[in-house]
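Working notes, beginning with the structure itself.
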Amino acid sequence: YDSVHGVTDFNCRYENGFIILDDKKIPITSHRKPEDIEVKKYDIEIMLECSGKFNKKSEAIAHITAGASKVIISAPCEEADNTI
């Protein structure tokens, strides 16, 4: 439930390290270093950077080096390509 958008029209749950939206499983991982994330194993295209540690483009680029195509940073970001 979201206070603005209301109730979702899909099933959402958490199970064994995955968020599951209907039948799509999205892995949740936690690593201190981007190079430790198994980007290729999970076929990650877009990395969500929510740690607050990599809030500069020059730091978040480590996710790209690890294999992700794009990085979305959930905090104010110095040197960002775009802020939404």
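A note on labels: chains of the structure tokens are A, B, ... as shown, every chain counts residues from 1, and ligands are counted from 1 in their shown order.
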If we count only C-alpha atoms and set the cut-off at 10 Å, which residues sit around range 80-82 of chain A, ignoring sequence neighbours fewer than 3 positions away in its own chain? Please answer as a PDB file with C-alpha atoms, in the first residue's frame.
```pdb
ATOM      1  CA  ASN A  55      26.499   9.299  -3.707  1.00  0.00           C
ATOM      2  CA  LYS A  56      28.921  10.730  -6.256  1.00  0.00           C
ATOM      3  CA  LYS A  57      29.039   9.658  -9.883  1.00  0.00           C
ATOM      4  CA  SER A  58      32.767   8.980  -9.565  1.00  0.00           C
ATOM      5  CA  ALA A  60      28.836   4.931  -8.152  1.00  0.00           C
ATOM      6  CA  ILE A  72      20.016   4.811  -9.887  1.00  0.00           C
ATOM      7  CA  ILE A  73      21.144   6.540  -6.690  1.00  0.00           C
ATOM      8  CA  PRO A  76      21.252  13.499  -3.536  1.00  0.00           C
ATOM      9  CA  CYS A  77      24.152  12.843  -5.894  1.00  0.00           C
TER      10      CYS A  77
END
```
List as a PyMOL selection string the protein and nucleic acid residues near Ser30 in chain A, meaning an atom at most 10 Å away when only C-alpha atoms are counted, but skip any in the same chain fewer than 6 places from it. chain A and resi 36-37+51
DSSP on the backbone: which residues in range 52-84 of chain A end up as strand (DSSP E or B)? Give the answer as a list in words. Lys56, Lys70, Val71, Ile72, Ile73 and Glu78 of chain A
For Glu79 in chain A, which residue out of A:Ile64, A:Glu59, A:Val7, A:Lys25 is the nearest one, using only C-alpha atoms? A:Glu59
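Interatomic distance, CA of Arg32 in chain A against CA of Lys53 in chain A: 9.1 Å.
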Please identify which residues in chain A DSSP calls helix (DSSP H, G or I) from the backbone, and express them as JSON, numbers by chain. {"A": [34, 35, 36, 39, 40, 41, 42, 57, 58, 59, 60, 61, 62, 63, 64, 65, 66]}
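Between CA of Thr65 in chain A and CA of Lys41 in chain A there is a distance of 15.0 Å.
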Using only C-alpha atoms, which residue out of A:Ile26, A:Ala66, A:Ile20, A:Val71 lies closest to Val39 in chain A? A:Ala66
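Proximity of A:Cys50, A:Ile44, A:Ile28, A:Ala75 to Glu15 in chain A, computed with only C-alpha atoms, is greatest for A:Ile28.
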Just give me the gap between CA of Tyr42 in chain A and CA of Asp23 in chain A in Å, one decimal is fine. 15.9 Å
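With distances restricted to only C-alpha atoms, A:Ala68 is the closest residue to Asp43 in chain A from A:Ala62, A:Leu21, A:Cys12, A:Ala68.
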